[in-house]
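What follows is one structure encoded as structure tokens, with my remarks underneath.
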Amino acid sequence: MVSALLSREFGAMINIEKGEGVMKSAPNCENGGQGPVLPVPPKTSSGVPSLSRREFLKLAGMSTAGAILAACTPSRPKPTSQSGDMVQLVYQDWRTAWFAAMVKEMLEQFHATHSSIRVFYTLDPQNFEEKMLADMQAGTAPDVFQGCCTHFPMWAQMGYTLDLRPYVEADLDQATIDDWDSAQYRSFFTRDGQQFGLPKYHGALALYYNKDLFDEYGVDYPDESWDHDDYLAAMERLTHDRDGDGQTDLWGSMLDISWDRIQVHVNGWGGHFVDPDDPTQCRMAEPEAMAAMEWIRARMWDDKVMATRLDVQNMETRDAFIAGRVAMVEDGSWALKDILAGADFRIGVAPFPAGPVRRVTLATTDGFGIYAGTKHPDAAWELVKFLISKDYGRAMARANFLQPARASLVDEWVGFIREEFPEKTREMDIAAFADGHIKGYSVTAEIFANMADAKGIAYAAWDEIFTLGQAPVEQMKDVCRRIQEAQR
């Protein structure tokens, strides 16, 4: 399986300062000097160098890395190059069009202040999670990378991420750490205390709503007082057959069927997926978790006031909202620019509705990490410090409205959004996205000790329960038993 994955096309690594391709030598946890500079691939007719994934891995594998990870230690590695040597790093991040242009500009600033480090930016591959894991297993992963959600901690569980604790303790002050959401910051630690990441941005979940539809059907706008009863009542009043063909074509709301989007409801009911004190113990089958998941299932398949992916022909949540197929949508600040640019109606944003037991909202775990097999850990840390800086946070906030990880940048972020969309945001409570961060009720994805198996088991069941409506929530009792067995 791994060999098949590695043979797929990788594409080109681009020196975004000079437009040249480059490969990095195989990663190594030993100190050593700079590895060999590998051949520059030929340019295509467009002038951009190309290199197949197979060729890249063959070249990068000239220095072995398979057994290196086991030799890594949690102490801060020693410097990896002699004074005056040029260190080359590969930094991998999002492949969205806007991001590359921003990185080019920002890395020019980094290079101006780090003359001994040359950073080459490469796009996340297609099938990112699969291919990234394959690169880590092969010893050819980038030195610095982005990760999030359930896959980032899974890489840490497998030993593929560098422990950042020695660097953080040496270089970051408490004021910087306090500027981040404490829930998000804690999510970058494994259960044994190793720190595998630092915040990239703070994606937060809120409730988008279509003001025009609310006005048309005489429904009061959501606000911070809403709970799930208010939410359901509004969904019922906003679900309609608008074209009179006997089929519903407007639904009250919609959510993604994914780990953290379901979990945030479970947390609101007072439940958990994972025992907070023991990551081998499954709590999905406990009454609180079952009640929250049944609430979601019933809205989709009994009341039919919450759209399924099948109802909207597999549209993403934001696209269904933009298209007017749903009156509300549970989505994050990461969707804000797309929604503002695409919607032809007045948009509102409100804090995520409170559950029966507590108010929670999701804080995503998007962060930066360093490959455990990097040859240049100190240089990679210098790059990570730059990536978590206020300047880099501002750049992402301005370029595509990414909500900053630092609370001190929230007002600037709101200003960037209002500056670009003054009319659409005139009465929009943009700061609602930061409510959980500022008031301290954010939660992050709960992670099992063996997350890979847990995720596969749960998603297969959720397809049947939520997406297809072919199984009862009671099935989660067997799911929980299987997940717990997988932790042994």
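Convention: chains lettered A, B, ... in structure tokens order; per-chain residue numbering from 1; ligands numbered from 1 as shown.
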List every residue of segment 155-234 of chain A that DSSP, applied to the backbone of this structure, assigns to alpha helix (DSSP H), and report them as an MDAnalysis selection string.
-> chainID A and resid 155:157 165:171 174:179 182:186 211:216 228:234
How would the residues just chosen look if you wrote them out with C-alpha atoms as an mmCIF file, in the first residue's frame?
data_model
loop_
_atom_site.group_PDB
_atom_site.id
_atom_site.type_symbol
_atom_site.label_atom_id
_atom_site.label_comp_id
_atom_site.auth_asym_id
_atom_site.auth_seq_id
_atom_site.Cartn_x
_atom_site.Cartn_y
_atom_site.Cartn_z
ATOM 1 C CA TRP A 155 1.200 11.689 13.517
ATOM 2 C CA ALA A 156 2.402 12.609 16.996
ATOM 3 C CA GLN A 157 1.138 9.308 18.393
ATOM 4 C CA ARG A 165 8.791 21.719 24.541
ATOM 5 C CA PRO A 166 12.506 22.562 24.834
ATOM 6 C CA TYR A 167 12.163 25.270 22.191
ATOM 7 C CA VAL A 168 8.982 26.735 23.659
ATOM 8 C CA GLU A 169 10.461 26.822 27.153
ATOM 9 C CA ALA A 170 13.582 28.553 25.880
ATOM 10 C CA ASP A 171 12.086 31.086 23.469
ATOM 11 C CA GLN A 174 4.014 33.462 28.970
ATOM 12 C CA ALA A 175 2.326 36.486 27.393
ATOM 13 C CA THR A 176 2.585 34.831 23.972
ATOM 14 C CA ILE A 177 1.131 31.572 25.270
ATOM 15 C CA ASP A 178 -1.679 33.409 27.076
ATOM 16 C CA ASP A 179 -2.590 35.179 23.827
ATOM 17 C CA SER A 182 -5.944 27.714 26.139
ATOM 18 C CA ALA A 183 -8.075 24.871 24.759
ATOM 19 C CA GLN A 184 -6.388 25.110 21.371
ATOM 20 C CA TYR A 185 -2.914 25.348 22.904
ATOM 21 C CA ARG A 186 -3.489 22.279 25.110
ATOM 22 C CA LYS A 211 -31.424 37.381 7.248
ATOM 23 C CA ASP A 212 -33.596 37.623 4.167
ATOM 24 C CA LEU A 213 -35.137 34.196 4.822
ATOM 25 C CA PHE A 214 -35.574 34.932 8.521
ATOM 26 C CA ASP A 215 -37.420 38.127 7.639
ATOM 27 C CA GLU A 216 -39.529 36.410 4.980
ATOM 28 C CA HIS A 228 -30.859 24.045 21.041
ATOM 29 C CA ASP A 229 -34.605 24.387 21.667
ATOM 30 C CA ASP A 230 -34.567 27.834 20.066
ATOM 31 C CA TYR A 231 -32.444 26.416 17.274
ATOM 32 C CA LEU A 232 -34.912 23.617 16.553
ATOM 33 C CA ALA A 233 -37.911 25.937 16.662
ATOM 34 C CA ALA A 234 -36.294 28.182 14.051
#
Leaving out segment 330-346 of chain A and any residue of its chain fewer than 3 positions from it, which residues lie within 7 Å of it when counting only C-alpha atoms, given as a PyMOL selection string?
-> chain A and resi 203-208+210-212+254-255+318+322+400-403+424+433
Please report as a tab-separated table every residue of segment 297-391 of chain A lying within 10 Å of segment 96-108 of chain A, along with the nearest atom pair and their distance in Å (one decimal), using only C-alpha atoms.
residue	atom	partner	partner_atom	distance
A:Leu383	CA	A:Leu107	CA	9.3
A:Phe386	CA	A:Leu107	CA	9.2
A:Leu387	CA	A:Met106	CA	9.1
A:Asp391	CA	A:Met106	CA	8.6
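Here atom CA of Phe188 of chain A and atom CA of Arg398 of chain A stand 25.3 Å from one another.
One distance worth recording is that between atom CA of His265 of chain A and atom CA of Ile465 of chain A, which is 15.7 Å.
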